[in-house]
file target-v6.cif (mmCIF, C-alpha atoms and all ligand atoms)
data_structure
#
loop_
_atom_site.group_PDB
_atom_site.id
_atom_site.type_symbol
_atom_site.label_atom_id
_atom_site.label_comp_id
_atom_site.auth_asym_id
_atom_site.auth_seq_id
_atom_site.Cartn_x
_atom_site.Cartn_y
_atom_site.Cartn_z
ATOM 1 C CA MET A 27 0.000 0.000 0.000
ATOM 2 C CA GLN A 28 0.914 3.633 -0.411
ATOM 3 C CA LYS A 29 3.418 4.905 2.169
ATOM 4 C CA GLY A 30 3.357 8.517 3.315
ATOM 5 C CA THR A 31 0.775 11.026 2.225
ATOM 6 C CA ASN A 32 0.255 12.946 -0.968
ATOM 7 C CA ALA A 33 -1.657 16.162 -0.961
ATOM 8 C CA ILE A 34 -2.718 19.179 -2.945
ATOM 9 C CA TYR A 35 -2.732 22.599 -1.269
ATOM 10 C CA LYS A 36 -4.863 25.216 -3.007
ATOM 11 C CA SER A 37 -5.524 28.882 -2.464
ATOM 12 C CA LEU A 38 -6.519 32.130 -4.133
ATOM 13 C CA ILE A 39 -3.654 34.602 -3.908
ATOM 14 C CA TRP A 40 -2.634 38.115 -4.895
ATOM 15 C CA GLY A 41 -5.955 39.752 -4.112
ATOM 16 C CA GLN A 42 -7.881 36.725 -5.446
ATOM 17 C CA THR A 43 -6.534 37.144 -8.983
ATOM 18 C CA VAL A 44 -4.643 33.844 -9.190
ATOM 19 C CA SER A 45 -5.447 30.274 -8.207
ATOM 20 C CA LEU A 46 -2.343 28.676 -6.698
ATOM 21 C CA ALA A 47 -1.868 24.944 -6.156
ATOM 22 C CA VAL A 48 1.142 23.122 -4.751
ATOM 23 C CA LEU A 49 1.211 19.326 -4.864
ATOM 24 C CA ASP A 50 3.340 16.748 -3.080
ATOM 25 C CA THR A 51 3.144 13.443 -4.977
ATOM 26 C CA THR A 52 6.229 11.698 -3.544
ATOM 27 C CA ALA A 53 4.417 8.647 -2.162
ATOM 28 C CA LEU A 54 2.347 8.380 -5.344
ATOM 29 C CA VAL A 55 5.509 8.120 -7.451
ATOM 30 C CA ASN A 56 7.077 5.580 -5.095
ATOM 31 C CA GLU A 57 3.947 3.450 -5.378
ATOM 32 C CA ALA A 58 4.216 3.675 -9.187
ATOM 33 C CA ILE A 59 7.931 2.727 -9.080
ATOM 34 C CA GLU A 60 7.148 -0.343 -6.946
ATOM 35 C CA ARG A 61 4.208 -1.469 -9.027
ATOM 36 C CA HIS A 62 5.812 -0.978 -12.441
ATOM 37 C CA ARG A 63 9.573 -1.303 -11.683
ATOM 38 C CA LEU A 64 10.257 2.016 -13.408
ATOM 39 C CA THR A 65 13.699 3.256 -14.423
ATOM 40 C CA PRO A 66 14.497 6.734 -12.994
ATOM 41 C CA VAL A 67 13.616 8.516 -16.241
ATOM 42 C CA ALA A 68 10.379 6.513 -16.597
ATOM 43 C CA ALA A 69 9.517 7.381 -12.976
ATOM 44 C CA ALA A 70 10.135 11.077 -13.680
ATOM 45 C CA ALA A 71 7.977 11.071 -16.821
ATOM 46 C CA LEU A 72 5.104 9.161 -15.191
ATOM 47 C CA GLY A 73 5.500 11.131 -11.938
ATOM 48 C CA ARG A 74 5.210 14.511 -13.660
ATOM 49 C CA THR A 75 2.129 13.288 -15.549
ATOM 50 C CA LEU A 76 0.558 11.914 -12.340
ATOM 51 C CA THR A 77 1.096 15.302 -10.661
ATOM 52 C CA ALA A 78 -0.454 17.268 -13.538
ATOM 53 C CA THR A 79 -3.379 14.815 -13.756
ATOM 54 C CA ALA A 80 -3.992 15.099 -9.996
ATOM 55 C CA TYR A 81 -4.196 18.872 -10.487
ATOM 56 C CA LEU A 82 -6.698 18.438 -13.339
ATOM 57 C CA CYS A 83 -8.719 16.051 -11.143
ATOM 58 C CA SER A 84 -8.867 18.674 -8.366
ATOM 59 C CA TRP A 85 -11.145 20.733 -10.663
ATOM 60 C CA LEU A 86 -13.666 17.908 -11.213
ATOM 61 C CA LYS A 87 -17.090 18.810 -9.811
ATOM 62 C CA THR A 88 -17.968 15.484 -8.156
ATOM 63 C CA SER A 89 -15.969 12.587 -6.696
ATOM 64 C CA GLU A 90 -17.505 10.240 -9.316
ATOM 65 C CA ALA A 91 -16.359 12.401 -12.239
ATOM 66 C CA SER A 92 -13.273 11.026 -13.948
ATOM 67 C CA LEU A 93 -10.630 11.884 -16.467
ATOM 68 C CA SER A 94 -7.807 10.226 -18.338
ATOM 69 C CA VAL A 95 -4.636 11.657 -19.821
ATOM 70 C CA THR A 96 -2.561 10.167 -22.621
ATOM 71 C CA VAL A 97 0.878 11.493 -23.554
ATOM 72 C CA LYS A 98 1.834 9.861 -26.814
ATOM 73 C CA GLY A 99 5.203 10.999 -28.129
ATOM 74 C CA ASP A 100 7.864 9.523 -30.386
ATOM 75 C CA GLY A 101 10.362 8.817 -27.578
ATOM 76 C CA VAL A 102 11.600 5.506 -26.133
ATOM 77 C CA GLY A 103 8.930 5.500 -23.400
ATOM 78 C CA GLY A 104 6.234 4.563 -25.893
ATOM 79 C CA GLY A 105 3.402 6.477 -24.192
ATOM 80 C CA ILE A 106 2.127 7.507 -20.755
ATOM 81 C CA TYR A 107 -1.393 6.699 -19.530
ATOM 82 C CA VAL A 108 -2.837 8.235 -16.353
ATOM 83 C CA ALA A 109 -6.390 8.204 -15.042
ATOM 84 C CA GLY A 110 -8.018 9.747 -12.012
ATOM 85 C CA ASP A 111 -11.302 10.818 -10.442
ATOM 86 C CA GLY A 112 -12.796 13.646 -8.434
ATOM 87 C CA ALA A 113 -11.911 11.889 -5.155
ATOM 88 C CA LEU A 114 -8.260 12.232 -6.238
ATOM 89 C CA ASN A 115 -7.674 8.520 -6.793
ATOM 90 C CA LEU A 116 -4.877 8.350 -9.362
ATOM 91 C CA ARG A 117 -3.265 5.519 -11.318
ATOM 92 C CA GLY A 118 -0.999 5.285 -14.305
ATOM 93 C CA PHE A 119 1.561 3.409 -16.340
ATOM 94 C CA VAL A 120 4.079 3.820 -19.142
ATOM 95 C CA LEU A 121 4.290 1.456 -22.103
ATOM 96 C CA CYS A 122 8.061 0.859 -21.714
ATOM 97 C CA PRO A 123 8.804 1.029 -17.965
ATOM 98 C CA SER A 124 12.342 -0.358 -18.376
ATOM 99 C CA ALA A 125 13.431 2.098 -21.107
ATOM 100 C CA ASP A 126 16.451 4.005 -19.844
ATOM 101 C CA LEU A 127 18.417 7.056 -21.008
ATOM 102 C CA PRO A 128 21.573 8.852 -19.835
ATOM 103 C CA PRO A 129 20.955 12.112 -17.927
ATOM 104 C CA ARG A 130 21.074 15.458 -19.723
ATOM 105 C CA ALA A 131 24.155 17.694 -19.640
ATOM 106 C CA ASP A 132 22.653 19.654 -16.700
ATOM 107 C CA GLY A 133 22.275 16.440 -14.689
ATOM 108 C CA LYS A 134 18.451 16.308 -14.958
ATOM 109 C CA LEU A 135 16.661 13.167 -16.113
ATOM 110 C CA ASP A 136 15.972 13.343 -19.844
ATOM 111 C CA VAL A 137 12.171 13.211 -19.711
ATOM 112 C CA GLY A 138 11.900 15.000 -23.087
ATOM 113 C CA ALA A 139 13.791 12.216 -24.864
ATOM 114 C CA PHE A 140 11.865 9.528 -22.969
ATOM 115 C CA VAL A 141 8.498 11.015 -23.986
ATOM 116 C CA GLY A 142 9.628 12.354 -27.352
ATOM 117 C CA HIS A 143 9.628 15.919 -28.622
ATOM 118 C CA SER A 144 6.702 15.527 -30.968
ATOM 119 C CA GLY A 145 3.367 13.872 -30.391
ATOM 120 C CA VAL A 146 0.037 14.575 -28.733
ATOM 121 C CA LEU A 147 -1.238 15.178 -25.211
ATOM 122 C CA SER A 148 -4.911 14.303 -24.883
ATOM 123 C CA VAL A 149 -7.434 14.523 -22.085
ATOM 124 C CA VAL A 150 -10.858 12.899 -21.806
ATOM 125 C CA ARG A 151 -12.971 14.318 -18.983
ATOM 126 C CA ASP A 152 -16.254 12.763 -17.929
ATOM 127 C CA GLU A 153 -18.292 14.859 -15.491
ATOM 128 C CA GLY A 154 -21.150 12.372 -15.749
ATOM 129 C CA GLU A 155 -23.295 14.913 -17.639
ATOM 130 C CA GLY A 156 -23.539 13.126 -20.972
ATOM 131 C CA ILE A 157 -20.870 13.341 -23.638
ATOM 132 C CA PRO A 158 -17.330 13.444 -22.175
ATOM 133 C CA PHE A 159 -15.136 16.434 -23.022
ATOM 134 C CA THR A 160 -12.127 15.624 -25.178
ATOM 135 C CA GLY A 161 -9.209 18.001 -25.637
ATOM 136 C CA SER A 162 -5.768 17.625 -27.077
ATOM 137 C CA CYS A 163 -2.699 19.557 -28.136
ATOM 138 C CA GLU A 164 0.638 18.947 -29.820
ATOM 139 C CA LEU A 165 3.546 18.248 -27.464
ATOM 140 C CA VAL A 166 5.827 21.265 -27.021
ATOM 141 C CA SER A 167 8.939 19.583 -25.606
ATOM 142 C CA GLY A 168 7.905 16.288 -24.025
ATOM 143 C CA GLU A 169 9.055 17.691 -20.665
ATOM 144 C CA ILE A 170 5.391 17.477 -19.489
ATOM 145 C CA ALA A 171 5.066 20.855 -17.681
ATOM 146 C CA GLU A 172 5.278 22.879 -20.906
ATOM 147 C CA ASP A 173 3.027 20.373 -22.634
ATOM 148 C CA PHE A 174 0.301 20.740 -19.991
ATOM 149 C CA SER A 175 0.691 24.538 -20.132
ATOM 150 C CA ALA A 176 0.018 24.390 -23.868
ATOM 151 C CA TYR A 177 -2.948 22.093 -23.242
ATOM 152 C CA PHE A 178 -4.491 24.499 -20.697
ATOM 153 C CA LEU A 179 -4.038 27.431 -23.062
ATOM 154 C CA THR A 180 -5.301 25.866 -26.284
ATOM 155 C CA SER A 181 -7.908 23.375 -25.055
ATOM 156 C CA GLU A 182 -9.254 24.940 -21.859
ATOM 157 C CA GLN A 183 -8.527 28.600 -22.734
ATOM 158 C CA ARG A 184 -6.991 28.968 -19.254
ATOM 159 C CA PRO A 185 -3.346 30.131 -19.285
ATOM 160 C CA THR A 186 -1.612 28.169 -16.521
ATOM 161 C CA ALA A 187 2.030 28.394 -15.460
ATOM 162 C CA ILE A 188 3.339 25.006 -14.350
ATOM 163 C CA ALA A 189 6.505 23.727 -12.681
ATOM 164 C CA LEU A 190 6.860 19.966 -12.207
ATOM 165 C CA GLY A 191 9.687 17.957 -10.708
ATOM 166 C CA VAL A 192 10.560 14.407 -9.686
ATOM 167 C CA LEU A 193 13.785 13.763 -7.778
ATOM 168 C CA ILE A 194 15.021 10.160 -7.880
ATOM 169 C CA GLY A 195 17.692 8.950 -5.434
ATOM 170 C CA THR A 196 20.647 6.700 -6.270
ATOM 171 C CA ASP A 197 18.625 3.732 -4.939
ATOM 172 C CA GLY A 198 15.942 4.334 -7.601
ATOM 173 C CA ARG A 199 13.367 5.548 -5.067
ATOM 174 C CA CYS A 200 11.616 8.901 -5.322
ATOM 175 C CA VAL A 201 13.053 11.433 -2.861
ATOM 176 C CA ALA A 202 10.498 14.112 -3.708
ATOM 177 C CA SER A 203 7.917 14.807 -6.376
ATOM 178 C CA GLY A 204 5.420 17.575 -6.913
ATOM 179 C CA GLY A 205 4.432 20.691 -8.727
ATOM 180 C CA VAL A 206 3.404 24.334 -8.608
ATOM 181 C CA PHE A 207 0.434 25.593 -10.659
ATOM 182 C CA LEU A 208 -0.478 29.259 -11.064
ATOM 183 C CA GLN A 209 -3.709 29.922 -12.915
ATOM 184 C CA PRO A 210 -4.818 33.554 -13.336
ATOM 185 C CA LEU A 211 -8.566 33.937 -12.950
ATOM 186 C CA PRO A 212 -10.496 35.110 -16.014
ATOM 187 C CA GLY A 213 -10.052 38.847 -16.535
ATOM 188 C CA ALA A 214 -6.667 39.057 -14.793
ATOM 189 C CA GLY A 215 -4.600 41.971 -16.096
ATOM 190 C CA GLU A 216 -1.215 42.008 -17.835
ATOM 191 C CA ASN A 217 0.546 42.812 -14.549
ATOM 192 C CA VAL A 218 -0.885 39.622 -13.003
ATOM 193 C CA LEU A 219 0.158 37.519 -15.999
ATOM 194 C CA SER A 220 3.717 38.820 -15.853
ATOM 195 C CA ALA A 221 3.865 38.261 -12.074
ATOM 196 C CA VAL A 222 2.771 34.653 -12.718
ATOM 197 C CA GLU A 223 5.569 34.207 -15.278
ATOM 198 C CA LYS A 224 8.095 35.668 -12.846
ATOM 199 C CA GLU A 225 6.927 33.462 -9.985
ATOM 200 C CA ILE A 226 6.989 30.182 -11.952
ATOM 201 C CA ALA A 227 10.541 30.947 -13.140
ATOM 202 C CA ARG A 228 11.635 30.752 -9.485
ATOM 203 C CA HIS A 229 10.590 27.084 -9.292
ATOM 204 C CA THR A 230 12.946 25.382 -11.748
ATOM 205 C CA ARG A 231 13.841 22.829 -9.056
ATOM 206 C CA VAL A 232 10.447 22.224 -7.499
ATOM 207 C CA SER A 233 11.290 18.678 -6.345
ATOM 208 C CA SER A 234 14.254 20.017 -4.309
ATOM 209 C CA GLU A 235 11.957 22.636 -2.795
ATOM 210 C CA ILE A 236 9.464 19.912 -1.817
ATOM 211 C CA ALA A 237 12.317 17.837 -0.367
ATOM 212 C CA ASP A 238 13.663 20.781 1.627
ATOM 213 C CA MET A 239 10.497 22.424 2.965
ATOM 214 C CA GLY A 240 7.434 20.381 1.953
ATOM 215 C CA ALA A 241 4.473 21.480 -0.169
ATOM 216 C CA GLU A 242 2.691 23.432 2.571
ATOM 217 C CA LYS A 243 5.661 25.701 3.347
ATOM 218 C CA LEU A 244 6.341 26.054 -0.352
ATOM 219 C CA LEU A 245 2.794 27.384 -0.842
ATOM 220 C CA LEU A 246 3.184 29.799 2.089
ATOM 221 C CA SER A 247 6.528 30.991 0.694
ATOM 222 C CA ILE A 248 4.664 32.236 -2.402
ATOM 223 C CA GLU A 249 2.059 34.048 -0.310
ATOM 224 C CA LYS A 250 1.000 33.876 3.351
ATOM 225 C CA CYS A 251 -2.600 32.803 2.763
ATOM 226 C CA ASP A 252 -5.466 30.620 3.896
ATOM 227 C CA TYR A 253 -5.521 27.392 1.938
ATOM 228 C CA PHE A 254 -7.281 24.063 1.798
ATOM 229 C CA ARG A 255 -5.665 20.654 1.637
ATOM 230 C CA ARG A 256 -6.894 17.442 0.035
ATOM 231 C CA GLU A 257 -5.222 14.047 0.062
ATOM 232 C CA ILE A 258 -4.258 12.248 -3.150
ATOM 233 C CA PHE A 259 -4.215 8.444 -3.446
ATOM 234 C CA TYR A 260 -2.752 5.813 -5.749
ATOM 235 C CA ARG A 261 -5.852 3.703 -6.147
ATOM 236 C CA CYS A 262 -7.003 1.534 -9.026
ATOM 237 C CA HIS A 263 -10.609 0.749 -9.908
ATOM 238 C CA CYS A 264 -9.883 -2.827 -10.946
ATOM 239 C CA SER A 265 -11.129 -5.790 -8.912
ATOM 240 C CA ARG A 266 -11.562 -9.545 -9.195
ATOM 241 C CA GLU A 267 -15.265 -8.947 -9.985
ATOM 242 C CA ARG A 268 -14.414 -6.628 -12.898
ATOM 243 C CA ALA A 269 -11.815 -9.096 -14.158
ATOM 244 C CA ALA A 270 -14.453 -11.846 -13.959
ATOM 245 C CA SER A 271 -16.807 -9.834 -16.139
ATOM 246 C CA ALA A 272 -14.004 -9.553 -18.727
ATOM 247 C CA VAL A 273 -13.727 -13.356 -18.671
ATOM 248 C CA LEU A 274 -17.514 -13.657 -19.079
ATOM 249 C CA SER A 275 -17.364 -11.360 -22.100
ATOM 250 C CA LEU A 276 -15.161 -13.942 -23.870
ATOM 251 C CA GLY A 277 -18.085 -16.369 -23.931
ATOM 252 C CA ARG A 278 -18.078 -19.794 -22.309
ATOM 253 C CA ALA A 279 -16.509 -21.780 -25.162
ATOM 254 C CA ASP A 280 -13.550 -19.445 -25.741
ATOM 255 C CA ALA A 281 -12.907 -18.918 -22.011
ATOM 256 C CA MET A 282 -12.898 -22.696 -21.338
ATOM 257 C CA ARG A 283 -10.657 -23.403 -24.327
ATOM 258 C CA LEU A 284 -8.158 -20.715 -23.191
ATOM 259 C CA ALA A 285 -8.172 -22.046 -19.631
ATOM 260 C CA GLU A 286 -7.473 -25.590 -20.844
ATOM 261 C CA GLU A 287 -4.695 -24.482 -23.214
ATOM 262 C CA GLU A 288 -2.978 -22.078 -20.812
ATOM 263 C CA GLY A 289 -3.890 -23.652 -17.468
ATOM 264 C CA ALA A 290 -5.820 -20.493 -16.553
ATOM 265 C CA VAL A 291 -7.239 -17.306 -18.065
ATOM 266 C CA ARG A 292 -5.298 -14.244 -16.908
ATOM 267 C CA VAL A 293 -6.744 -10.747 -16.943
ATOM 268 C CA HIS A 294 -4.084 -8.062 -16.576
ATOM 269 C CA CYS A 295 -4.627 -4.515 -15.273
ATOM 270 C CA ASP A 296 -2.013 -2.199 -16.814
ATOM 271 C CA TYR A 297 -2.729 0.625 -14.367
ATOM 272 C CA CYS A 298 -1.685 -1.258 -11.226
ATOM 273 C CA ASN A 299 0.190 -4.154 -12.844
ATOM 274 C CA THR A 300 -2.059 -6.783 -11.236
ATOM 275 C CA ASP A 301 -2.889 -10.199 -12.715
ATOM 276 C CA TYR A 302 -6.214 -11.859 -12.039
ATOM 277 C CA SER A 303 -6.064 -15.579 -12.792
ATOM 278 C CA PHE A 304 -9.095 -17.830 -13.335
ATOM 279 C CA SER A 305 -8.826 -21.634 -13.480
ATOM 280 C CA ALA A 306 -11.089 -23.754 -15.677
ATOM 281 C CA ALA A 307 -13.076 -24.784 -12.578
ATOM 282 C CA GLU A 308 -13.620 -21.143 -11.573
ATOM 283 C CA ILE A 309 -14.638 -20.232 -15.116
ATOM 284 C CA GLY A 310 -17.188 -23.047 -15.075
ATOM 285 C CA ARG A 311 -18.607 -21.618 -11.851
ATOM 286 C CA LEU A 312 -18.673 -18.033 -13.256
ATOM 287 C CA PHE A 313 -20.751 -19.094 -16.243
ATOM 288 C CA SER A 314 -23.158 -21.261 -14.228
ATOM 289 C CA GLU A 315 -23.669 -18.394 -11.694
ATOM 290 C CA LYS A 316 -24.399 -16.069 -14.597
ATOM 291 C CA ARG A 317 -27.266 -18.295 -15.650
HETATM 292 ZN ZN ZN A 401 -5.740 -2.135 -11.519
#

call {"tool": "encode", "arguments": {"input": "target-v6.cif", "output": "structure tokens"}}
result
Amino acid sequence: MQKGTNAIYKSLIWGQTVSLAVLDTTALVNEAIERHRLTPVAAAALGRTLTATAYLCSWLKTSEASLSVTVKGDGVGGGIYVAGDGALNLRGFVLCPSADLPPRADGKLDVGAFVGHSGVLSVVRDEGEGIPFTGSCELVSGEIAEDFSAYFLTSEQRPTAIALGVLIGTDGRCVASGGVFLQPLPGAGENVLSAVEKEIARHTRVSSEIADMGAEKLLLSIEKCDYFRREIFYRCHCSRERAASAVLSLGRADAMRLAEEEGAVRVHCDYCNTDYSFSAAEIGRLFSEKR
């Protein structure tokens, strides 16, 4: 299970002209590393996407509302898939968790090369009000923060300054992960927009800031303000019952044949890397219960 806590701290700052959010997603990234055996660069790419998706989820109107994010670039990572809901339950995976790359010249993990510099970021948001909203934009750099900024601007018409960071230790574990999001409210003036740009430029090493002072103090260092805090969880929606319904959808004949050939039918959940295995005897029971 997830160790430590993850949280989002949110406030309105600067005379209520800007929505500020600071996220600590360290435990979330460690859970992802354990589940998927991620290389450091894969952990950084997935971690940044988990953080940005958690922020997007914090705007969902109900806890049942859900959204999914796909970052599909031409890099060695092969694609990043993250999903979450309004209760801030997050989960995600990368297609090539063992893909590795040397660090960049400045010592940072080369997330841009892992993701790829061209491709598409897409978001599907389901508020439970009929047709889900779908938005997408071209990747800017594959570094994730800039890509989400472009997404907010072009798809949501909400300029949003974003700093994301994932610090991985020499043992492959996540030391700190999180992000800073500054979103001017509609109608904010030029002076507010330039203050936002100036502020985000101060957070080029946001994971070190989270490691040193924590998300709460980081938020208060931007402005002394009242804020609210919500916890974030690594939690998958899969279950043995859902896996069983996937087996049922194969039809009795195909499911039984597979079970006899392979010894069992396995249903795999990519999001949490869990296998659900059903023996021929269990499959027989599933189909007779169904009737
Ligand atoms: Zn799962």

call {"tool": "resolve_selection", "arguments": {"input": "target-v6.cif", "expression": "the PyMOL selection byres (((not hetatm)) within 6 of (chain A and resi 401))", "output": "number ranges by chain"}}
result
A: 262-264, 295, 297-298, 300

call {"tool": "write_last_selection", "arguments": {"input": "target-v6.cif", "atoms": "C-alpha atoms", "output": "mmCIF file, in the frame of the given file"}}
result
data_model
loop_
_atom_site.group_PDB
_atom_site.id
_atom_site.type_symbol
_atom_site.label_atom_id
_atom_site.label_comp_id
_atom_site.auth_asym_id
_atom_site.auth_seq_id
_atom_site.Cartn_x
_atom_site.Cartn_y
_atom_site.Cartn_z
ATOM 1 C CA CYS A 262 -7.003 1.534 -9.026
ATOM 2 C CA HIS A 263 -10.609 0.749 -9.908
ATOM 3 C CA CYS A 264 -9.883 -2.827 -10.946
ATOM 4 C CA CYS A 295 -4.627 -4.515 -15.273
ATOM 5 C CA TYR A 297 -2.729 0.625 -14.367
ATOM 6 C CA CYS A 298 -1.685 -1.258 -11.226
ATOM 7 C CA THR A 300 -2.059 -6.783 -11.236
#

call {"tool": "closest_residue", "arguments": {"input": "target-v6.cif", "among": "A:Val149, A:Ile157, A:Leu193, A:Ala139", "to": "Phe178 in chain A", "atoms": "all atoms listed in the file"}}
result
A:Val149

call {"tool": "axis_aligned_box", "arguments": {"input": "target-v6.cif", "around": "range 289-306 of chain A", "padding_each_side": "4 Å", "output": "AutoDock Vina command-line options"}}
result
--center_x -5.4 --center_y -11.6 --center_z -14.6 --size_x 19.3 --size_y 32.4 --size_z 14.8

call {"tool": "resolve_selection", "arguments": {"input": "target-v6.cif", "expression": "the PyMOL selection byres (((chain A and resi 59-65) around 7) and not hetatm)", "output": "ChimeraX atom specification"}}
result
/A:55-58,66-69,123-126,298-299

call {"tool": "closest_residue", "arguments": {"input": "target-v6.cif", "among": "A:Val141, A:Ala131, A:Ala281, A:Ala272", "to": "Ile170 in chain A", "atoms": "all atoms listed in the file"}}
result
A:Val141

call {"tool": "residues_around", "arguments": {"input": "target-v6.cif", "residues": "Gly213 in chain A", "least_positions_apart": "2", "cutoff": "12 Å", "atoms": "all atoms listed in the file", "output": "ChimeraX atom specification"}}
result
/A:42-44,184-185,209-211,215-219

call {"tool": "closest_residue", "arguments": {"input": "target-v6.cif", "among": "A:Gly205, A:Gly156, A:Gly103, A:Gly138", "to": "Ile226 in chain A", "atoms": "only C-alpha atoms"}}
result
A:Gly205

call {"tool": "resolve_selection", "arguments": {"input": "target-v6.cif", "expression": "the PyMOL selection byres (((chain A and resi 116) around 8) and not hetatm)", "output": "PDB file with C-alpha atoms, in the coordinates of the input"}}
result
ATOM      1  CA  LEU A  76       0.558  11.914 -12.340  1.00  0.00           C
ATOM      2  CA  THR A  79      -3.379  14.815 -13.756  1.00  0.00           C
ATOM      3  CA  ALA A  80      -3.992  15.099  -9.996  1.00  0.00           C
ATOM      4  CA  VAL A 108      -2.837   8.235 -16.353  1.00  0.00           C
ATOM      5  CA  ALA A 109      -6.390   8.204 -15.042  1.00  0.00           C
ATOM      6  CA  GLY A 110      -8.018   9.747 -12.012  1.00  0.00           C
ATOM      7  CA  ASP A 111     -11.302  10.818 -10.442  1.00  0.00           C
ATOM      8  CA  LEU A 114      -8.260  12.232  -6.238  1.00  0.00           C
ATOM      9  CA  ASN A 115      -7.674   8.520  -6.793  1.00  0.00           C
ATOM     10  CA  ARG A 117      -3.265   5.519 -11.318  1.00  0.00           C
ATOM     11  CA  GLY A 118      -0.999   5.285 -14.305  1.00  0.00           C
ATOM     12  CA  ILE A 258      -4.258  12.248  -3.150  1.00  0.00           C
ATOM     13  CA  PHE A 259      -4.215   8.444  -3.446  1.00  0.00           C
ATOM     14  CA  TYR A 260      -2.752   5.813  -5.749  1.00  0.00           C
ATOM     15  CA  ARG A 261      -5.852   3.703  -6.147  1.00  0.00           C
ATOM     16  CA  CYS A 262      -7.003   1.534  -9.026  1.00  0.00           C
TER      17      CYS A 262
END

call {"tool": "atom_distance", "arguments": {"input": "target-v6.cif", "atom1": "CA of Lys36 in chain A", "atom2": "CA of Val206 in chain A"}}
result
10.0 Å

call {"tool": "atom_distance", "arguments": {"input": "target-v6.cif", "atom1": "CA of Asn32 in chain A", "atom2": "CA of Leu49 in chain A"}}
result
7.5 Å

call {"tool": "residues_around", "arguments": {"input": "target-v6.cif", "residues": "Arg266 in chain A", "least_positions_apart": "2", "cutoff": "10 Å", "atoms": "all atoms listed in the file", "output": "list of chain:residue names"}}
result
A:Cys264, A:Arg268, A:Ala269, A:Ala270, A:Ser271, A:Ala272, A:Val293, A:Asp301, A:Tyr302, A:Ser303, A:Phe304

call {"tool": "atom_distance", "arguments": {"input": "target-v6.cif", "atom1": "CA of Gly73 in chain A", "atom2": "CA of Ile39 in chain A"}}
result
26.4 Å
